[in-house]
>>> print(open('my_file_18.cif').read())   # mmCIF, C-alpha atoms
data_run
#
loop_
_atom_site.group_PDB
_atom_site.id
_atom_site.type_symbol
_atom_site.label_atom_id
_atom_site.label_comp_id
_atom_site.auth_asym_id
_atom_site.auth_seq_id
_atom_site.Cartn_x
_atom_site.Cartn_y
_atom_site.Cartn_z
ATOM 1 C CA MET Z 911 56.002 -62.336 72.259
ATOM 2 C CA ASN Z 912 58.138 -59.197 72.185
ATOM 3 C CA LYS Z 913 57.961 -56.333 74.635
ATOM 4 C CA TYR Z 914 57.132 -52.883 73.281
ATOM 5 C CA GLU Z 915 56.417 -49.455 74.622
ATOM 6 C CA THR Z 916 54.582 -46.634 72.975
ATOM 7 C CA LEU Z 917 54.616 -42.994 73.913
ATOM 8 C CA PHE Z 918 52.041 -40.706 72.388
ATOM 9 C CA ILE Z 919 51.332 -37.038 72.896
ATOM 10 C CA VAL Z 920 47.748 -35.845 73.114
ATOM 11 C CA ASN Z 921 46.573 -32.332 72.237
ATOM 12 C CA PRO Z 922 46.470 -30.331 75.515
ATOM 13 C CA SER Z 923 42.914 -29.130 74.832
ATOM 14 C CA VAL Z 924 41.580 -32.687 75.358
ATOM 15 C CA GLU Z 925 39.853 -33.172 78.714
ATOM 16 C CA GLU Z 926 40.992 -35.807 81.233
ATOM 17 C CA ALA Z 927 38.054 -38.063 80.320
ATOM 18 C CA GLY Z 928 39.031 -37.808 76.658
ATOM 19 C CA VAL Z 929 42.590 -38.889 77.466
ATOM 20 C CA LYS Z 930 41.250 -41.891 79.401
ATOM 21 C CA ASP Z 931 39.045 -42.785 76.418
ATOM 22 C CA LEU Z 932 42.084 -42.678 74.119
ATOM 23 C CA ILE Z 933 44.074 -44.913 76.482
ATOM 24 C CA GLN Z 934 41.158 -47.360 76.566
ATOM 25 C CA LYS Z 935 40.838 -47.297 72.765
ATOM 26 C CA PHE Z 936 44.515 -48.066 72.182
ATOM 27 C CA SER Z 937 44.635 -50.619 75.028
ATOM 28 C CA ASP Z 938 41.694 -52.496 73.511
ATOM 29 C CA LEU Z 939 43.448 -52.528 70.145
ATOM 30 C CA ILE Z 940 46.656 -53.879 71.696
ATOM 31 C CA ASN Z 941 44.760 -56.475 73.750
ATOM 32 C CA SER Z 942 43.184 -57.863 70.578
ATOM 33 C CA ASP Z 943 46.575 -59.384 69.644
ATOM 34 C CA GLY Z 944 48.743 -58.889 72.732
ATOM 35 C CA LYS Z 945 48.676 -57.818 76.358
ATOM 36 C CA VAL Z 946 48.967 -54.372 77.939
ATOM 37 C CA GLU Z 947 51.313 -54.523 80.930
ATOM 38 C CA SER Z 948 50.904 -50.930 82.122
ATOM 39 C CA SER Z 949 49.643 -47.544 81.043
ATOM 40 C CA GLU Z 950 50.486 -44.213 82.590
ATOM 41 C CA VAL Z 951 49.617 -40.585 81.975
ATOM 42 C CA VAL Z 952 52.999 -38.897 82.438
ATOM 43 C CA GLY Z 953 51.431 -35.447 82.441
ATOM 44 C CA LYS Z 954 51.331 -32.183 80.526
ATOM 45 C CA LYS Z 955 54.736 -31.012 79.370
ATOM 46 C CA LYS Z 956 56.124 -28.251 77.191
ATOM 47 C CA LEU Z 957 57.204 -29.424 73.745
ATOM 48 C CA ALA Z 958 60.652 -28.583 72.365
ATOM 49 C CA TYR Z 959 59.005 -27.108 69.267
ATOM 50 C CA PRO Z 960 55.378 -26.535 68.229
ATOM 51 C CA VAL Z 961 53.652 -29.588 66.785
ATOM 52 C CA LYS Z 962 50.339 -29.034 64.980
ATOM 53 C CA LYS Z 963 50.251 -25.529 66.522
ATOM 54 C CA CYS Z 964 50.552 -26.907 70.082
ATOM 55 C CA ALA Z 965 53.295 -25.752 72.456
ATOM 56 C CA GLU Z 966 52.343 -28.316 75.138
ATOM 57 C CA GLY Z 967 51.115 -31.890 75.116
ATOM 58 C CA ILE Z 968 49.823 -34.605 77.426
ATOM 59 C CA TYR Z 969 52.269 -37.524 77.409
ATOM 60 C CA VAL Z 970 50.915 -41.082 77.710
ATOM 61 C CA LEU Z 971 53.121 -44.196 78.042
ATOM 62 C CA ILE Z 972 51.875 -47.752 77.405
ATOM 63 C CA ASN Z 973 54.039 -50.871 77.931
ATOM 64 C CA PHE Z 974 52.790 -54.012 76.223
ATOM 65 C CA GLU Z 975 53.618 -57.453 74.822
ATOM 66 C CA SER Z 976 52.764 -58.504 71.288
ATOM 67 C CA ASP Z 977 54.089 -60.666 68.477
ATOM 68 C CA GLY Z 978 54.491 -57.565 66.288
ATOM 69 C CA LYS Z 979 51.497 -57.934 63.958
ATOM 70 C CA ILE Z 980 49.540 -55.225 65.760
ATOM 71 C CA ILE Z 981 52.227 -52.505 65.478
ATOM 72 C CA SER Z 982 51.282 -51.295 61.984
ATOM 73 C CA GLU Z 983 47.590 -51.189 62.921
ATOM 74 C CA LEU Z 984 48.404 -49.304 66.133
ATOM 75 C CA GLU Z 985 50.481 -46.739 64.226
ATOM 76 C CA ARG Z 986 47.700 -46.359 61.641
ATOM 77 C CA ASN Z 987 45.233 -45.611 64.443
ATOM 78 C CA PHE Z 988 47.607 -43.040 65.953
ATOM 79 C CA ARG Z 989 47.839 -41.291 62.558
ATOM 80 C CA ILE Z 990 44.067 -41.079 62.014
ATOM 81 C CA THR Z 991 43.240 -39.971 65.577
ATOM 82 C CA ASP Z 992 43.041 -36.170 65.532
ATOM 83 C CA GLU Z 993 43.778 -35.793 69.259
ATOM 84 C CA VAL Z 994 47.181 -37.531 68.947
ATOM 85 C CA ILE Z 995 49.798 -35.035 67.780
ATOM 86 C CA LYS Z 996 52.926 -37.234 67.973
ATOM 87 C CA PHE Z 997 53.721 -40.902 68.710
ATOM 88 C CA ILE Z 998 56.478 -43.497 68.758
ATOM 89 C CA VAL Z 999 56.464 -47.280 69.205
ATOM 90 C CA ILE Z 1000 59.712 -49.021 70.154
ATOM 91 C CA ARG Z 1001 60.700 -52.610 70.837
ATOM 92 C CA LYS Z 1002 62.369 -53.067 74.203
ATOM 93 C CA ASP Z 1003 65.455 -55.287 74.355
ATOM 94 C CA GLU Z 1004 65.454 -58.269 76.676
ATOM 95 C CA LYS Z 1005 68.245 -58.016 79.246
#
>>> encode(input="my_file_18.cif", output="structure tokens")
Amino acid sequence: MNKYETLFIVNPSVEEAGVKDLIQKFSDLINSDGKVESSEVVGKKKLAYPVKKCAEGIYVLINFESDGKIISELERNFRITDEVIKFIVIRKDEK
């Protein structure tokens, strides 16, 4: 099992309950083939440049373990979720 972290930015017009629903949705997807270690709403921050006509976004960080099979499905779900305006998934090095 490899360690990963994903950071995704949610449209700022989404309510707090909607953000929690998104975290739950993605956590359930990860838990189907891995294990979520932690999830954290970093907060609303100004973006460096407008993304999908948004100047701000709500940053969410999820740390998880997986064997890597779920990454493409997770990225596909990020792409088709309208509330997510930007995302990245990275593999963390073991040190």
>>> residues_around(input="my_file_18.cif", residues="range 947-952 of chain Z", least_positions_apart="2", cutoff="9 Å", atoms="all atoms listed in the file", output="list in words")
Val929, Lys930, Ile933, Ser937, Lys945, Lys954, Lys955, Ile968, Tyr969, Val970, Leu971, Ile972, Asn973, Phe974 and Glu975 of chain Z
>>> closest_residue(input="my_file_18.cif", among="Z:Val920, Z:Leu984, Z:Val999, Z:Met911", to="Gly967 in chain Z", atoms="all atoms listed in the file")
Z:Val920
>>> closest_residue(input="my_file_18.cif", among="Z:Lys962, Z:Val994, Z:Asp943, Z:Ser976", to="Glu915 in chain Z", atoms="all atoms listed in the file")
Z:Ser976
>>> resolve_selection(input="my_file_18.cif", expression="the PyMOL selection byres ((chain Z and resi 983) around 12)", output="PDB file with C-alpha atoms, keeping the file's coordinate frame")
ATOM      1  CA  PHE Z 936      44.515 -48.066  72.182  1.00  0.00           C
ATOM      2  CA  LEU Z 939      43.448 -52.528  70.145  1.00  0.00           C
ATOM      3  CA  ILE Z 940      46.656 -53.879  71.696  1.00  0.00           C
ATOM      4  CA  SER Z 942      43.184 -57.863  70.578  1.00  0.00           C
ATOM      5  CA  ASP Z 943      46.575 -59.384  69.644  1.00  0.00           C
ATOM      6  CA  GLY Z 978      54.491 -57.565  66.288  1.00  0.00           C
ATOM      7  CA  LYS Z 979      51.497 -57.934  63.958  1.00  0.00           C
ATOM      8  CA  ILE Z 980      49.540 -55.225  65.760  1.00  0.00           C
ATOM      9  CA  ILE Z 981      52.227 -52.505  65.478  1.00  0.00           C
ATOM     10  CA  SER Z 982      51.282 -51.295  61.984  1.00  0.00           C
ATOM     11  CA  LEU Z 984      48.404 -49.304  66.133  1.00  0.00           C
ATOM     12  CA  GLU Z 985      50.481 -46.739  64.226  1.00  0.00           C
ATOM     13  CA  ARG Z 986      47.700 -46.359  61.641  1.00  0.00           C
ATOM     14  CA  ASN Z 987      45.233 -45.611  64.443  1.00  0.00           C
ATOM     15  CA  PHE Z 988      47.607 -43.040  65.953  1.00  0.00           C
ATOM     16  CA  ARG Z 989      47.839 -41.291  62.558  1.00  0.00           C
ATOM     17  CA  ILE Z 990      44.067 -41.079  62.014  1.00  0.00           C
ATOM     18  CA  VAL Z 999      56.464 -47.280  69.205  1.00  0.00           C
TER      19      VAL Z 999
END
>>> atom_distance(input="my_file_18.cif", atom1="CA of Glu1004 in chain Z", atom2="CA of Lys913 in chain Z")
8.0 Å
>>> closest_residue(input="my_file_18.cif", among="Z:Thr991, Z:Ile919, Z:Gly928, Z:Arg1001", to="Cys964 in chain Z", atoms="all atoms listed in the file")
Z:Ile919
>>> build_atoms(input="my_file_18.cif", residues="range 967-993 of chain Z", atoms="N, CA, C and O atoms", output="short mmCIF file (atom, residue, chain, number, x, y, z; two decimals), in the coordinates of the input")
data_model
loop_
_atom_site.label_atom_id
_atom_site.label_comp_id
_atom_site.auth_asym_id
_atom_site.auth_seq_id
_atom_site.Cartn_x
_atom_site.Cartn_y
_atom_site.Cartn_z
N GLY Z 967 51.81 -30.65 75.43
CA GLY Z 967 51.12 -31.89 75.12
C GLY Z 967 51.00 -32.76 76.35
O GLY Z 967 51.78 -32.63 77.29
N ILE Z 968 50.02 -33.65 76.34
CA ILE Z 968 49.82 -34.60 77.43
C ILE Z 968 50.48 -35.91 77.00
O ILE Z 968 50.07 -36.53 76.01
N TYR Z 969 51.50 -36.32 77.74
CA TYR Z 969 52.27 -37.52 77.41
C TYR Z 969 51.62 -38.75 78.04
O TYR Z 969 51.28 -38.74 79.22
N VAL Z 970 51.49 -39.82 77.23
CA VAL Z 970 50.92 -41.08 77.71
C VAL Z 970 51.86 -42.21 77.31
O VAL Z 970 52.27 -42.30 76.15
N LEU Z 971 52.20 -43.08 78.26
CA LEU Z 971 53.12 -44.20 78.04
C LEU Z 971 52.38 -45.51 78.26
O LEU Z 971 51.71 -45.68 79.28
N ILE Z 972 52.48 -46.43 77.29
CA ILE Z 972 51.88 -47.75 77.40
C ILE Z 972 52.96 -48.79 77.16
O ILE Z 972 53.63 -48.76 76.12
N ASN Z 973 53.14 -49.72 78.09
CA ASN Z 973 54.04 -50.87 77.93
C ASN Z 973 53.18 -52.08 77.62
O ASN Z 973 52.16 -52.32 78.28
N PHE Z 974 53.60 -52.86 76.61
CA PHE Z 974 52.79 -54.01 76.22
C PHE Z 974 53.63 -55.11 75.60
O PHE Z 974 54.79 -54.90 75.24
N GLU Z 975 53.02 -56.30 75.49
CA GLU Z 975 53.62 -57.45 74.82
C GLU Z 975 52.79 -57.77 73.60
O GLU Z 975 51.55 -57.72 73.65
N SER Z 976 53.46 -58.13 72.51
CA SER Z 976 52.76 -58.50 71.29
C SER Z 976 53.74 -59.26 70.40
O SER Z 976 54.95 -59.19 70.60
N ASP Z 977 53.21 -59.97 69.41
CA ASP Z 977 54.09 -60.67 68.48
C ASP Z 977 54.50 -59.76 67.32
O ASP Z 977 55.22 -60.19 66.43
N GLY Z 978 54.05 -58.53 67.29
CA GLY Z 978 54.49 -57.56 66.29
C GLY Z 978 53.49 -57.29 65.19
O GLY Z 978 53.63 -56.31 64.46
N LYS Z 979 52.48 -58.13 65.03
CA LYS Z 979 51.50 -57.93 63.96
C LYS Z 979 50.64 -56.69 64.18
O LYS Z 979 50.17 -56.09 63.23
N ILE Z 980 50.45 -56.32 65.43
CA ILE Z 980 49.54 -55.22 65.76
C ILE Z 980 50.20 -53.84 65.61
O ILE Z 980 49.50 -52.83 65.56
N ILE Z 981 51.51 -53.78 65.48
CA ILE Z 981 52.23 -52.50 65.48
C ILE Z 981 51.78 -51.60 64.33
O ILE Z 981 51.50 -50.42 64.54
N SER Z 982 51.68 -52.13 63.12
CA SER Z 982 51.28 -51.30 61.98
C SER Z 982 49.85 -50.79 62.14
O SER Z 982 49.55 -49.64 61.80
N GLU Z 983 48.98 -51.63 62.69
CA GLU Z 983 47.59 -51.19 62.92
C GLU Z 983 47.53 -50.13 64.02
O GLU Z 983 46.78 -49.16 63.92
N LEU Z 984 48.34 -50.29 65.06
CA LEU Z 984 48.40 -49.30 66.13
C LEU Z 984 48.90 -47.95 65.61
O LEU Z 984 48.30 -46.91 65.88
N GLU Z 985 49.96 -47.98 64.80
CA GLU Z 985 50.48 -46.74 64.23
C GLU Z 985 49.47 -46.10 63.28
O GLU Z 985 49.35 -44.87 63.24
N ARG Z 986 48.74 -46.89 62.53
CA ARG Z 986 47.70 -46.36 61.64
C ARG Z 986 46.63 -45.64 62.46
O ARG Z 986 46.18 -44.54 62.11
N ASN Z 987 46.24 -46.24 63.58
CA ASN Z 987 45.23 -45.61 64.44
C ASN Z 987 45.75 -44.32 65.08
O ASN Z 987 44.98 -43.37 65.25
N PHE Z 988 47.03 -44.29 65.44
CA PHE Z 988 47.61 -43.04 65.95
C PHE Z 988 47.52 -41.94 64.89
O PHE Z 988 47.18 -40.81 65.19
N ARG Z 989 47.83 -42.29 63.64
CA ARG Z 989 47.84 -41.29 62.56
C ARG Z 989 46.45 -40.72 62.28
O ARG Z 989 46.32 -39.54 61.94
N ILE Z 990 45.41 -41.55 62.37
CA ILE Z 990 44.07 -41.08 62.01
C ILE Z 990 43.30 -40.49 63.20
O ILE Z 990 42.20 -39.99 63.02
N THR Z 991 43.88 -40.55 64.39
CA THR Z 991 43.24 -39.97 65.58
C THR Z 991 43.68 -38.52 65.70
O THR Z 991 44.86 -38.23 65.91
N ASP Z 992 42.74 -37.60 65.55
CA ASP Z 992 43.04 -36.17 65.53
C ASP Z 992 43.65 -35.67 66.84
O ASP Z 992 44.45 -34.74 66.83
N GLU Z 993 43.29 -36.27 67.97
CA GLU Z 993 43.78 -35.79 69.26
C GLU Z 993 45.25 -36.12 69.48
O GLU Z 993 45.91 -35.50 70.30
#
